[in-house]
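> File follows, query03.cif with mmCIF, C-alpha atoms and all ligand atoms:
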```
data_model
loop_
_atom_site.group_PDB
_atom_site.id
_atom_site.type_symbol
_atom_site.label_atom_id
_atom_site.label_comp_id
_atom_site.auth_asym_id
_atom_site.auth_seq_id
_atom_site.Cartn_x
_atom_site.Cartn_y
_atom_site.Cartn_z
ATOM 1 C CA MET L 1487 14.112 -9.468 -0.390
ATOM 2 C CA GLN L 1488 12.088 -6.396 -1.208
ATOM 3 C CA THR L 1489 13.090 -2.763 -0.799
ATOM 4 C CA ILE L 1490 10.708 -0.360 0.928
ATOM 5 C CA ILE L 1491 11.384 3.319 0.227
ATOM 6 C CA GLY L 1492 9.540 5.875 2.372
ATOM 7 C CA LEU L 1493 9.449 9.527 1.257
ATOM 8 C CA GLY L 1494 8.268 12.266 3.672
ATOM 9 C CA GLN L 1495 6.740 11.827 7.105
ATOM 10 C CA ALA L 1496 3.917 9.424 6.211
ATOM 11 C CA GLY L 1497 6.165 7.418 3.877
ATOM 12 C CA CYS L 1498 9.031 7.161 6.362
ATOM 13 C CA ARG L 1499 6.845 6.181 9.294
ATOM 14 C CA ILE L 1500 5.079 3.437 7.367
ATOM 15 C CA ALA L 1501 8.427 2.270 5.964
ATOM 16 C CA GLU L 1502 9.769 2.131 9.532
ATOM 17 C CA CYS L 1503 7.049 -0.395 10.455
ATOM 18 C CA PHE L 1504 8.409 -2.802 7.835
ATOM 19 C CA LYS L 1505 11.747 -3.024 9.672
ATOM 20 C CA ARG L 1506 10.173 -5.546 12.018
ATOM 21 C CA HIS L 1507 10.073 -8.111 9.231
ATOM 22 C CA SER L 1508 13.292 -9.597 7.900
ATOM 23 C CA GLN L 1509 12.011 -9.744 4.299
ATOM 24 C CA TYR L 1510 12.437 -6.022 3.735
ATOM 25 C CA SER L 1511 15.288 -3.603 3.345
ATOM 26 C CA VAL L 1512 14.049 -0.147 4.371
ATOM 27 C CA ILE L 1513 15.212 3.192 2.952
ATOM 28 C CA LYS L 1514 13.980 6.547 4.301
ATOM 29 C CA ILE L 1515 14.087 9.950 2.609
ATOM 30 C CA ASP L 1516 12.931 13.131 4.388
ATOM 31 C CA VAL L 1517 14.194 16.460 5.698
ATOM 32 C CA GLY L 1518 15.920 16.685 9.065
ATOM 33 C CA LEU L 1519 16.952 13.015 9.241
ATOM 34 C CA GLU L 1520 20.343 12.093 10.576
ATOM 35 C CA LYS L 1521 22.218 10.706 7.624
ATOM 36 C CA SER L 1522 23.253 7.070 7.829
ATOM 37 C CA LYS L 1523 23.137 3.996 5.634
ATOM 38 C CA ASN L 1524 19.721 3.871 3.913
ATOM 39 C CA VAL L 1525 18.658 7.209 5.420
ATOM 40 C CA PHE L 1526 18.785 10.269 3.168
ATOM 41 C CA SER L 1527 18.185 13.808 4.341
ATOM 42 C CA LEU L 1528 17.048 16.429 1.846
ATOM 43 C CA LYS L 1529 17.405 20.193 2.387
ATOM 44 C CA ARG L 1530 14.092 21.778 3.357
ATOM 45 C CA GLN L 1531 12.425 23.566 0.415
ATOM 46 C CA SER L 1532 9.326 25.730 0.300
ATOM 47 C CA SER L 1533 7.433 23.987 -2.510
ATOM 48 C CA PRO L 1534 7.065 20.627 -4.266
ATOM 49 C CA GLU L 1535 8.691 22.124 -7.402
ATOM 50 C CA LEU L 1536 11.811 23.143 -5.479
ATOM 51 C CA TYR L 1537 12.142 19.607 -4.093
ATOM 52 C CA GLU L 1538 11.972 18.256 -7.614
ATOM 53 C CA GLU L 1539 14.681 20.652 -8.834
ATOM 54 C CA ASN L 1540 17.014 20.074 -5.920
ATOM 55 C CA ILE L 1541 17.491 16.315 -5.676
ATOM 56 C CA PRO L 1542 21.091 15.742 -4.629
ATOM 57 C CA TYR L 1543 23.005 13.908 -7.364
ATOM 58 C CA ASP L 1544 24.441 11.219 -5.090
ATOM 59 C CA ILE L 1545 21.036 10.029 -3.906
ATOM 60 C CA GLY L 1546 20.449 8.488 -7.343
ATOM 61 C CA THR L 1547 23.667 6.486 -7.356
ATOM 62 C CA SER L 1548 23.172 5.374 -3.741
ATOM 63 C CA LEU L 1549 19.599 4.226 -4.367
ATOM 64 C CA GLN L 1550 20.593 2.419 -7.557
ATOM 65 C CA ARG L 1551 23.175 0.524 -5.557
ATOM 66 C CA GLU L 1552 20.857 -0.287 -2.643
ATOM 67 C CA VAL L 1553 17.571 -1.334 -4.278
ATOM 68 C CA LYS L 1554 16.726 -5.032 -4.555
ATOM 69 C CA SER L 1555 14.809 -6.526 -7.474
ATOM 70 C CA GLU L 1556 11.432 -5.270 -6.187
ATOM 71 C CA THR L 1557 10.591 -1.966 -4.513
ATOM 72 C CA LEU L 1558 7.548 -0.564 -2.758
ATOM 73 C CA PHE L 1559 7.731 3.246 -2.801
ATOM 74 C CA ILE L 1560 5.529 4.919 -0.173
ATOM 75 C CA THR L 1561 4.581 8.592 -0.233
ATOM 76 C CA SER L 1562 1.758 10.990 0.524
ATOM 77 C CA CYS L 1563 1.364 14.475 -0.979
ATOM 78 C CA GLY L 1564 3.291 16.841 1.324
ATOM 79 C CA ASN L 1565 5.813 19.268 -0.203
ATOM 80 C CA ILE L 1566 8.593 16.721 -0.277
ATOM 81 C CA SER L 1567 6.521 14.434 -2.504
ATOM 82 C CA GLY L 1568 7.563 16.848 -5.281
ATOM 83 C CA ALA L 1569 10.746 14.756 -5.324
ATOM 84 C CA ALA L 1570 8.870 11.478 -5.936
ATOM 85 C CA LEU L 1571 8.844 11.340 -9.732
ATOM 86 C CA ALA L 1572 12.488 12.404 -10.037
ATOM 87 C CA ILE L 1573 13.540 9.732 -7.529
ATOM 88 C CA LEU L 1574 11.476 7.049 -9.273
ATOM 89 C CA GLU L 1575 13.073 8.044 -12.586
ATOM 90 C CA LYS L 1576 16.513 7.347 -11.126
ATOM 91 C CA ILE L 1577 15.718 3.801 -9.949
ATOM 92 C CA LYS L 1578 13.263 2.611 -12.592
ATOM 93 C CA ASP L 1579 15.868 0.605 -14.521
ATOM 94 C CA ASN L 1580 17.225 -1.066 -11.398
ATOM 95 C CA THR L 1581 14.110 -2.445 -9.717
ATOM 96 C CA LYS L 1582 10.457 -3.337 -10.304
ATOM 97 C CA ILE L 1583 8.489 -0.501 -8.692
ATOM 98 C CA SER L 1584 5.112 -0.531 -6.975
ATOM 99 C CA ILE L 1585 3.801 2.621 -5.331
ATOM 100 C CA MET L 1586 1.756 2.951 -2.166
ATOM 101 C CA TYR L 1587 0.059 6.333 -2.289
ATOM 102 C CA ILE L 1588 -1.367 7.700 0.977
ATOM 103 C CA ILE L 1589 -4.364 9.993 0.497
ATOM 104 C CA PRO L 1590 -4.909 12.428 3.394
ATOM 105 C CA GLN L 1591 -8.273 12.959 5.047
ATOM 106 C CA LYS L 1592 -10.388 15.685 3.446
ATOM 107 C CA ASP L 1593 -9.936 18.242 6.230
ATOM 108 C CA ASP L 1594 -6.195 17.833 5.792
ATOM 109 C CA LEU L 1595 -6.196 18.644 2.053
ATOM 110 C CA PHE L 1596 -5.724 22.323 1.251
ATOM 111 C CA GLY L 1597 -3.253 24.614 -0.554
ATOM 112 C CA ASP L 1598 -0.206 22.960 -2.114
ATOM 113 C CA LYS L 1599 -1.120 19.600 -0.621
ATOM 114 C CA LYS L 1600 -4.435 19.585 -2.455
ATOM 115 C CA LEU L 1601 -2.756 20.439 -5.777
ATOM 116 C CA GLN L 1602 -0.055 17.873 -5.178
ATOM 117 C CA ASN L 1603 -2.701 15.236 -4.360
ATOM 118 C CA ASN L 1604 -4.550 15.989 -7.609
ATOM 119 C CA LEU L 1605 -1.285 15.538 -9.475
ATOM 120 C CA LEU L 1606 0.126 12.410 -7.813
ATOM 121 C CA PHE L 1607 -3.197 10.598 -7.493
ATOM 122 C CA ASN L 1608 -3.506 10.776 -11.293
ATOM 123 C CA VAL L 1609 0.120 10.426 -12.335
ATOM 124 C CA PHE L 1610 0.702 7.271 -10.275
ATOM 125 C CA GLN L 1611 -2.414 5.676 -11.759
ATOM 126 C CA GLU L 1612 -1.339 6.624 -15.294
ATOM 127 C CA TYR L 1613 2.112 5.153 -14.639
ATOM 128 C CA SER L 1614 0.643 1.857 -13.548
ATOM 129 C CA ARG L 1615 -1.882 1.711 -16.348
ATOM 130 C CA SER L 1616 0.877 2.183 -18.874
ATOM 131 C CA ALA L 1617 2.938 -0.442 -17.004
ATOM 132 C CA ALA L 1618 5.723 2.073 -16.292
ATOM 133 C CA ILE L 1619 5.336 0.758 -12.736
ATOM 134 C CA GLU L 1620 3.992 -2.611 -11.600
ATOM 135 C CA ARG L 1621 1.046 -1.429 -9.564
ATOM 136 C CA VAL L 1622 -0.245 1.450 -7.476
ATOM 137 C CA PHE L 1623 -1.876 0.780 -4.113
ATOM 138 C CA LEU L 1624 -4.284 3.575 -3.204
ATOM 139 C CA ILE L 1625 -4.660 4.031 0.547
ATOM 140 C CA ASP L 1626 -7.139 6.547 1.963
ATOM 141 C CA ASN L 1627 -6.281 7.533 5.538
ATOM 142 C CA GLN L 1628 -9.976 8.036 6.285
ATOM 143 C CA LYS L 1629 -10.754 4.442 5.292
ATOM 144 C CA VAL L 1630 -7.853 3.057 7.308
ATOM 145 C CA SER L 1631 -9.022 5.123 10.257
ATOM 146 C CA ASP L 1632 -12.557 3.728 9.879
ATOM 147 C CA ALA L 1633 -11.143 0.195 9.829
ATOM 148 C CA ALA L 1634 -8.975 0.855 12.889
ATOM 149 C CA GLY L 1635 -11.883 2.226 14.950
ATOM 150 C CA PRO L 1636 -11.355 4.573 17.910
ATOM 151 C CA VAL L 1637 -7.689 5.235 18.715
ATOM 152 C CA PRO L 1638 -6.131 7.613 21.313
ATOM 153 C CA VAL L 1639 -4.819 10.824 19.726
ATOM 154 C CA LEU L 1640 -1.207 10.117 20.538
ATOM 155 C CA LYS L 1641 -1.346 6.697 18.940
ATOM 156 C CA TYR L 1642 -3.340 7.773 15.913
ATOM 157 C CA TRP L 1643 -0.704 7.691 13.151
ATOM 158 C CA ALA L 1644 1.064 4.726 14.699
ATOM 159 C CA ALA L 1645 -2.182 2.706 14.678
ATOM 160 C CA LEU L 1646 -2.908 3.570 11.030
ATOM 161 C CA ASN L 1647 0.653 2.884 9.960
ATOM 162 C CA GLU L 1648 0.742 -0.480 11.723
ATOM 163 C CA MET L 1649 -2.493 -1.491 10.068
ATOM 164 C CA ILE L 1650 -1.312 -0.494 6.586
ATOM 165 C CA CYS L 1651 2.017 -2.269 7.042
ATOM 166 C CA ALA L 1652 0.526 -5.434 8.564
ATOM 167 C CA THR L 1653 -2.096 -5.767 5.827
ATOM 168 C CA TYR L 1654 0.386 -5.293 2.986
ATOM 169 C CA HIS L 1655 2.855 -7.621 4.691
ATOM 170 C CA MET L 1656 0.383 -10.458 5.342
ATOM 171 C CA ILE L 1657 -0.902 -10.414 1.770
ATOM 172 C CA ASN L 1658 2.714 -10.443 0.630
ATOM 173 C CA VAL L 1659 3.514 -13.410 2.884
ATOM 174 C CA PHE L 1660 0.473 -15.326 1.612
ATOM 175 C CA GLU L 1661 1.397 -14.539 -1.997
ATOM 176 C CA HIS L 1662 4.756 -16.132 -1.355
ATOM 177 C CA SER L 1663 3.461 -19.261 0.401
ATOM 178 C CA SER L 1664 1.646 -22.322 -0.866
ATOM 179 C CA PRO L 1665 -2.092 -22.324 -0.216
ATOM 180 C CA VAL L 1666 -3.827 -25.493 0.943
ATOM 181 C CA LEU L 1667 -6.635 -24.524 -1.396
ATOM 182 C CA THR L 1668 -6.955 -21.837 -4.061
ATOM 183 C CA THR L 1669 -9.044 -20.705 -6.998
ATOM 184 C CA MET L 1670 -6.453 -18.124 -7.970
ATOM 185 C CA THR L 1671 -5.090 -18.253 -11.499
ATOM 186 C CA SER L 1672 -2.784 -15.746 -13.122
ATOM 187 C CA ARG L 1673 -3.668 -12.132 -12.499
ATOM 188 C CA ILE L 1674 -5.450 -9.873 -14.914
ATOM 189 C CA ASN L 1675 -2.451 -8.058 -16.233
ATOM 190 C CA THR L 1676 -4.222 -4.784 -16.999
ATOM 191 C CA ALA L 1677 -5.771 -4.393 -13.535
ATOM 192 C CA ARG L 1678 -2.934 -2.532 -11.843
ATOM 193 C CA ILE L 1679 -4.770 0.084 -9.818
ATOM 194 C CA SER L 1680 -5.177 -1.642 -6.499
ATOM 195 C CA THR L 1681 -6.056 -1.390 -2.869
ATOM 196 C CA ILE L 1682 -5.904 -3.710 0.109
ATOM 197 C CA GLY L 1683 -7.987 -4.202 3.218
ATOM 198 C CA LEU L 1684 -9.234 -6.438 5.966
ATOM 199 C CA MET L 1685 -12.035 -8.908 5.828
ATOM 200 C CA ASP L 1686 -14.129 -10.162 8.707
ATOM 201 C CA PRO L 1687 -15.019 -13.687 7.593
ATOM 202 C CA LYS L 1688 -17.728 -14.177 10.208
ATOM 203 C CA LYS L 1689 -19.655 -11.023 9.382
ATOM 204 C CA ASN L 1690 -18.722 -11.029 5.715
ATOM 205 C CA GLU L 1691 -17.584 -7.462 6.191
ATOM 206 C CA GLU L 1692 -14.872 -5.854 4.108
ATOM 207 C CA LYS L 1693 -12.829 -2.938 5.380
ATOM 208 C CA MET L 1694 -10.992 -1.797 2.296
ATOM 209 C CA PHE L 1695 -8.448 1.037 2.519
ATOM 210 C CA PHE L 1696 -9.769 2.749 -0.610
ATOM 211 C CA SER L 1697 -13.169 2.647 -2.170
ATOM 212 C CA LEU L 1698 -12.197 1.261 -5.578
ATOM 213 C CA ASP L 1699 -14.677 1.851 -8.395
ATOM 214 C CA ILE L 1700 -15.452 -1.126 -10.638
ATOM 215 C CA PRO L 1701 -12.813 -3.574 -9.497
ATOM 216 C CA ARG L 1702 -11.925 -6.133 -12.157
ATOM 217 C CA GLU L 1703 -10.269 -8.568 -9.786
ATOM 218 C CA LYS L 1704 -10.740 -9.392 -6.097
ATOM 219 C CA ASN L 1705 -8.506 -11.795 -4.259
ATOM 220 C CA TYR L 1706 -9.389 -13.015 -0.775
ATOM 221 C CA TYR L 1707 -6.721 -14.492 1.465
ATOM 222 C CA TYR L 1708 -7.743 -16.653 4.441
ATOM 223 C CA GLY L 1709 -5.205 -17.650 7.063
ATOM 224 C CA VAL L 1710 -6.814 -20.482 9.014
ATOM 225 C CA PRO L 1711 -5.515 -22.240 12.151
ATOM 226 C CA LYS L 1712 -4.421 -25.790 11.291
ATOM 227 C CA LYS L 1713 -6.862 -27.379 13.715
ATOM 228 C CA GLN L 1714 -9.790 -25.494 12.224
ATOM 229 C CA LEU L 1715 -8.755 -26.633 8.751
ATOM 230 C CA GLU L 1716 -9.031 -30.211 9.926
ATOM 231 C CA GLU L 1717 -12.241 -29.931 11.934
ATOM 232 C CA ASP L 1718 -14.466 -27.028 10.870
ATOM 233 C CA LEU L 1719 -17.278 -28.390 8.739
ATOM 234 C CA ASN L 1720 -18.733 -25.019 7.760
ATOM 235 C CA LEU L 1721 -15.680 -23.048 6.761
ATOM 236 C CA MET L 1722 -15.684 -24.035 3.110
ATOM 237 C CA GLU L 1723 -19.276 -22.962 2.700
ATOM 238 C CA THR L 1724 -18.676 -19.648 4.497
ATOM 239 C CA ILE L 1725 -15.760 -18.810 2.236
ATOM 240 C CA ARG L 1726 -17.689 -19.625 -0.912
ATOM 241 C CA LEU L 1727 -20.691 -17.658 0.231
ATOM 242 C CA ASN L 1728 -18.501 -14.634 0.964
ATOM 243 C CA LEU L 1729 -17.116 -14.838 -2.516
ATOM 244 C CA LYS L 1730 -20.500 -15.117 -4.133
ATOM 245 C CA ARG L 1731 -21.891 -12.151 -2.234
ATOM 246 C CA ASN L 1732 -18.883 -10.043 -3.121
ATOM 247 C CA THR L 1733 -18.917 -10.594 -6.841
ATOM 248 C CA ASP L 1734 -20.941 -7.671 -8.071
ATOM 249 C CA HIS L 1735 -20.625 -7.715 -11.839
ATOM 250 C CA ASP L 1736 -20.139 -10.308 -14.585
ATOM 251 C CA LYS L 1737 -16.667 -9.295 -15.600
ATOM 252 C CA MET L 1738 -15.347 -9.399 -12.085
ATOM 253 C CA LYS L 1739 -12.930 -12.142 -11.258
ATOM 254 C CA SER L 1740 -13.099 -13.146 -7.606
ATOM 255 C CA THR L 1741 -10.771 -15.709 -6.122
ATOM 256 C CA TYR L 1742 -9.925 -17.070 -2.712
ATOM 257 C CA SER L 1743 -6.905 -18.798 -1.289
ATOM 258 C CA VAL L 1744 -6.699 -20.617 2.018
ATOM 259 C CA TYR L 1745 -3.468 -20.917 3.991
ATOM 260 C CA ALA L 1746 -2.638 -22.876 7.128
ATOM 261 C CA THR L 1747 -1.411 -20.692 10.000
ATOM 262 C CA GLU L 1748 -0.150 -21.152 13.533
ATOM 263 C CA TYR L 1749 -2.445 -18.389 14.856
ATOM 264 C CA ASP L 1750 -5.406 -19.039 17.181
ATOM 265 C CA GLU L 1751 -7.920 -17.226 15.019
ATOM 266 C CA ILE L 1752 -8.765 -17.035 11.379
ATOM 267 C CA ILE L 1753 -7.367 -13.908 9.679
ATOM 268 C CA SER L 1754 -8.381 -12.679 6.275
ATOM 269 C CA TYR L 1755 -7.459 -9.968 3.845
ATOM 270 C CA CYS L 1756 -8.571 -8.750 0.471
ATOM 271 C CA GLU L 1757 -6.852 -7.131 -2.488
ATOM 272 C CA LYS L 1758 -8.878 -5.455 -5.222
ATOM 273 C CA SER L 1759 -7.623 -4.192 -8.550
ATOM 274 C CA SER L 1760 -9.166 -2.133 -11.301
ATOM 275 C CA THR L 1761 -8.236 -1.316 -14.875
ATOM 276 C CA LEU L 1762 -9.895 2.089 -14.593
ATOM 277 C CA ILE L 1763 -8.409 5.389 -13.469
ATOM 278 C CA GLN L 1764 -10.092 6.253 -10.169
ATOM 279 C CA LYS L 1765 -11.484 9.702 -9.464
ATOM 280 C CA ILE L 1766 -10.830 11.812 -6.417
ATOM 281 C CA ALA L 1767 -13.913 11.755 -4.207
ATOM 282 C CA PRO L 1768 -15.671 15.164 -4.495
HETATM 283 N N1 LIG S 1801 -0.951 7.206 7.259
HETATM 284 C C1 LIG S 1801 -0.237 8.273 7.665
HETATM 285 N N2 LIG S 1801 -0.469 9.463 7.147
HETATM 286 C C2 LIG S 1801 0.266 10.510 7.587
HETATM 287 C C3 LIG S 1801 1.269 10.374 8.580
HETATM 288 N N3 LIG S 1801 1.819 11.593 8.793
HETATM 289 C C4 LIG S 1801 1.191 12.435 7.962
HETATM 290 N N4 LIG S 1801 0.261 11.805 7.226
HETATM 291 C C5 LIG S 1801 -0.620 12.350 6.181
HETATM 292 O O1 LIG S 1801 0.182 12.657 5.065
HETATM 293 C C6 LIG S 1801 -0.081 13.951 4.614
HETATM 294 C C7 LIG S 1801 1.215 14.507 4.050
HETATM 295 O O2 LIG S 1801 1.973 14.955 5.114
HETATM 296 P P1 LIG S 1801 3.438 14.525 5.498
HETATM 297 O O3 LIG S 1801 3.686 13.089 5.221
HETATM 298 O O4 LIG S 1801 3.687 15.020 6.882
HETATM 299 O O5 LIG S 1801 4.209 15.421 4.518
HETATM 300 P P2 LIG S 1801 5.657 15.213 4.079
HETATM 301 O O6 LIG S 1801 5.620 14.068 3.097
HETATM 302 O O7 LIG S 1801 6.601 15.060 5.231
HETATM 303 O O8 LIG S 1801 5.905 16.548 3.268
HETATM 304 P P3 LIG S 1801 6.279 18.026 3.790
HETATM 305 O O9 LIG S 1801 5.083 18.855 3.458
HETATM 306 O O10 LIG S 1801 7.442 18.356 2.920
HETATM 307 O O11 LIG S 1801 6.606 17.948 5.239
HETATM 308 C C8 LIG S 1801 -0.594 14.672 5.851
HETATM 309 O O12 LIG S 1801 -1.483 15.680 5.475
HETATM 310 C C9 LIG S 1801 -1.302 13.605 6.626
HETATM 311 O O13 LIG S 1801 -2.659 13.534 6.227
HETATM 312 C C10 LIG S 1801 1.494 9.075 9.121
HETATM 313 O O14 LIG S 1801 2.344 8.840 9.969
HETATM 314 N N5 LIG S 1801 0.716 8.071 8.627
HETATM 315 MG MG MG S 1802 7.436 16.561 6.449
#
```
Represent the structure from my file as structure tokens, please.
Ligand SMILES: Nc1nc2c(ncn2[C@@H]2O[C@H](COP(=O)(O)OP(=O)(O)OP(=O)(O)O)[C@@H](O)[C@H]2O)c(=O)[nH]1
Ligand SMILES: [Mg+2]

Amino acid sequence: MQTIIGLGQAGCRIAECFKRHSQYSVIKIDVGLEKSKNVFSLKRQSSPELYEENIPYDIGTSLQREVKSETLFITSCGNISGAALAILEKIKDNTKISIMYIIPQKDDLFGDKKLQNNLLFNVFQEYSRSAAIERVFLIDNQKVSDAAGPVPVLKYWAALNEMICATYHMINVFEHSSPVLTTMTSRINTARISTIGLMDPKKNEEKMFFSLDIPREKNYYYGVPKKQLEEDLNLMETIRLNLKRNTDHDKMKSTYSVYATEYDEIISYCEKSSTLIQKIAP
């Protein structure tokens, strides 16, 4: 079982989506939440710094008790994200941490949020490069929105959050199942700055959730209906062609894995990882 910790509005809402799947234990931290098991309410503060200075003592001991062996910590860069590093510090000896960092759209980045984004975007990448955390997944709301296509205003965040959760979850499920075919070997240990996304196998179109510069490793996951695995004569060639087209430099390691599913249609996802610190788009 894996722990999902959501901090702030974006973090908590995405974390909430994971409750649907029995593999996860979900913890939420924000202001104005009704306190219950695995829900922690912080006092509202006026700046990220004040959140950092005012972490209640008991939250550390509770989190240490609750976290499982692996944790995905989800946050964006609102004021409350000032508490992120202090919270991570408290649980780092109790669980293996990965971070999912949500980057707001450009028109939503100003004032404290912009400063906080500059800080967290870099710090989380430095943490993962130095192996203080397992991995950081960079997720750009604009890219997720592009992948989702047109959505009614009232369903906007819900649609993005569902897509982020489903993509992470499916890759996670595939990683923990046996492929019928794979070219995957052990991962490149230094490529820990990652992103995830969807793949349209027919059009050979990737919809990644962050535009990762110079990926070192790309892993494609294909979930194929059983019947198609038995009968489709072209699938193998399509998958290999996709891989070939998407390998854009010599040092890049591209792999694919094929899994049997009970779905009616083929589904596919991609995870990319880089060794290099990414820059904020100008
Ligand atoms: N993907 C996604 N992004 C969101 C959601 N809600 C807000 N955001 C983005 O996250 C950024 C940070 O805002 P919030 O998550 O609301 O901030 P917060 O973490 O609650 O922090 P405060 O400033 O203390 O309220 C916003 O500027 C939005 O761009 C959501 O439900 N899903
Ligand atoms: Mg908030």
> Could I get the residues of chain L with an atom no further than 8 Å from an atom of ligand MG 1802 (chain S), each paired with its nearest atom pair and that distance in Å to one decimal, using only C-alpha atoms and all ligand atoms, sorted by chain and residue number, as CSV?

```
residue,atom,partner,partner_atom,distance
L:Gly1494,CA,S:MG1802,MG,5.2
L:Gln1495,CA,S:MG1802,MG,4.8
L:Ala1496,CA,S:MG1802,MG,8.0
L:Asp1516,CA,S:MG1802,MG,6.8
L:Val1517,CA,S:MG1802,MG,6.8
L:Gly1564,CA,S:MG1802,MG,6.6
L:Asn1565,CA,S:MG1802,MG,7.4
L:Ile1566,CA,S:MG1802,MG,6.8
```
> Show me a table, sorted first by chain and then by increasing residue number, of the residues of chain L having an atom at most 7 Å from ligand LIG 1801 (chain S), each with its shortest atom pair and the distance in Å to one decimal, counting all atoms listed in the file and written as CSV.

```
residue,atom,partner,partner_atom,distance
L:Leu1493,CA,S:LIG1801,O6,6.2
L:Gly1494,CA,S:LIG1801,O6,3.3
L:Gln1495,CA,S:LIG1801,O7,3.7
L:Ala1496,CA,S:LIG1801,C3,3.7
L:Gly1497,CA,S:LIG1801,O3,6.3
L:Arg1499,CA,S:LIG1801,O14,5.3
L:Ile1500,CA,S:LIG1801,N5,6.5
L:Asp1516,CA,S:LIG1801,O7,6.7
L:Thr1561,CA,S:LIG1801,O6,6.5
L:Ser1562,CA,S:LIG1801,C7,5.0
L:Cys1563,CA,S:LIG1801,C7,5.0
L:Gly1564,CA,S:LIG1801,O8,3.3
L:Asn1565,CA,S:LIG1801,O10,3.6
L:Ile1566,CA,S:LIG1801,O10,3.8
L:Ser1567,CA,S:LIG1801,O6,5.7
L:Ile1588,CA,S:LIG1801,N1,6.3
L:Ile1589,CA,S:LIG1801,O13,6.9
L:Pro1590,CA,S:LIG1801,O13,3.8
L:Gln1591,CA,S:LIG1801,O13,5.8
L:Asp1594,CA,S:LIG1801,O12,5.2
L:Leu1595,CA,S:LIG1801,O12,6.5
L:Asn1627,CA,S:LIG1801,N1,5.6
L:Trp1643,CA,S:LIG1801,O14,4.6
L:Ala1644,CA,S:LIG1801,O14,6.4
L:Leu1646,CA,S:LIG1801,N1,5.6
L:Asn1647,CA,S:LIG1801,N1,5.3
```
> Create the file for the chosen residues now, containing C-alpha atoms and written as a PDB file, keeping the file's coordinate frame.

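For reference, out_32.pdb as written:
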```pdb
ATOM      1  CA  LEU L1493       9.449   9.527   1.257  1.00  0.00           C
ATOM      2  CA  GLY L1494       8.268  12.266   3.672  1.00  0.00           C
ATOM      3  CA  GLN L1495       6.740  11.827   7.105  1.00  0.00           C
ATOM      4  CA  ALA L1496       3.917   9.424   6.211  1.00  0.00           C
ATOM      5  CA  GLY L1497       6.165   7.418   3.877  1.00  0.00           C
ATOM      6  CA  ARG L1499       6.845   6.181   9.294  1.00  0.00           C
ATOM      7  CA  ILE L1500       5.079   3.437   7.367  1.00  0.00           C
ATOM      8  CA  ASP L1516      12.931  13.131   4.388  1.00  0.00           C
ATOM      9  CA  THR L1561       4.581   8.592  -0.233  1.00  0.00           C
ATOM     10  CA  SER L1562       1.758  10.990   0.524  1.00  0.00           C
ATOM     11  CA  CYS L1563       1.364  14.475  -0.979  1.00  0.00           C
ATOM     12  CA  GLY L1564       3.291  16.841   1.324  1.00  0.00           C
ATOM     13  CA  ASN L1565       5.813  19.268  -0.203  1.00  0.00           C
ATOM     14  CA  ILE L1566       8.593  16.721  -0.277  1.00  0.00           C
ATOM     15  CA  SER L1567       6.521  14.434  -2.504  1.00  0.00           C
ATOM     16  CA  ILE L1588      -1.367   7.700   0.977  1.00  0.00           C
ATOM     17  CA  ILE L1589      -4.364   9.993   0.497  1.00  0.00           C
ATOM     18  CA  PRO L1590      -4.909  12.428   3.394  1.00  0.00           C
ATOM     19  CA  GLN L1591      -8.273  12.959   5.047  1.00  0.00           C
ATOM     20  CA  ASP L1594      -6.195  17.833   5.792  1.00  0.00           C
ATOM     21  CA  LEU L1595      -6.196  18.644   2.053  1.00  0.00           C
ATOM     22  CA  ASN L1627      -6.281   7.533   5.538  1.00  0.00           C
ATOM     23  CA  TRP L1643      -0.704   7.691  13.151  1.00  0.00           C
ATOM     24  CA  ALA L1644       1.064   4.726  14.699  1.00  0.00           C
ATOM     25  CA  LEU L1646      -2.908   3.570  11.030  1.00  0.00           C
ATOM     26  CA  ASN L1647       0.653   2.884   9.960  1.00  0.00           C
TER      27      ASN L1647
END
```
> Would you please work out which residue, of L:Ala1746, L:Ala1617, L:Ile1515, L:Val1622, is nearest to Lys1529 (chain L) when using only C-alpha atoms?
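The closest residue to Lys1529 (chain L) is L:Ile1515.
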> Which neighbours of Glu1539 (chain L) fall inside 9 Å, counting all atoms listed in the file, when residues of the same chain fewer than 3 positions from it are skipped, and could you give them as a ChimeraX atom specification?
/L:1534-1536,1568-1569,1572
> Can you work out the spacing between CA of Ile1513 (chain L) and CA of Lys1578 (chain L) in Å, to one decimal?
15.7 Å
> Counting only C-alpha atoms, what is within 12 Å of Ile1679 (chain L), bar same-chain residues fewer than 6 positions away, as a count of residues only?
40
> Report as a Markdown table: every residue of region 1558-1613 of chain L with an atom at most 12 Å from region 1542-1547 of chain L, its closest pair of atoms, and their distance in Å to one decimal, counting all atoms listed in the file, with rows sorted by chain and ascending residue number.

```
| residue | atom | partner | partner_atom | distance |
| --- | --- | --- | --- | --- |
| L:Ala1569 | CA | L:Pro1542 | CA | 10.4 |
| L:Ala1572 | CA | L:Gly1546 | CA | 9.3 |
| L:Ile1573 | CA | L:Gly1546 | CA | 7.0 |
| L:Leu1574 | CA | L:Gly1546 | CA | 9.3 |
| L:Glu1575 | CA | L:Gly1546 | CA | 9.1 |
| L:Lys1576 | CA | L:Gly1546 | CA | 5.6 |
| L:Ile1577 | CA | L:Gly1546 | CA | 7.2 |
| L:Lys1578 | CA | L:Gly1546 | CA | 10.7 |
| L:Asp1579 | CA | L:Gly1546 | CA | 11.6 |
| L:Asn1580 | CA | L:Thr1547 | CA | 10.7 |
```
> Can you spit out the residues from that selection as a tab-separated table (two decimals), keeping the file's coordinate frame, using C-alpha atoms?

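Result file follows (selection17.tsv):
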```tsv
chain	number	residue	atom	x	y	z
L	1569	ALA	CA	10.75	14.76	-5.32
L	1572	ALA	CA	12.49	12.40	-10.04
L	1573	ILE	CA	13.54	9.73	-7.53
L	1574	LEU	CA	11.48	7.05	-9.27
L	1575	GLU	CA	13.07	8.04	-12.59
L	1576	LYS	CA	16.51	7.35	-11.13
L	1577	ILE	CA	15.72	3.80	-9.95
L	1578	LYS	CA	13.26	2.61	-12.59
L	1579	ASP	CA	15.87	0.60	-14.52
L	1580	ASN	CA	17.23	-1.07	-11.40
```
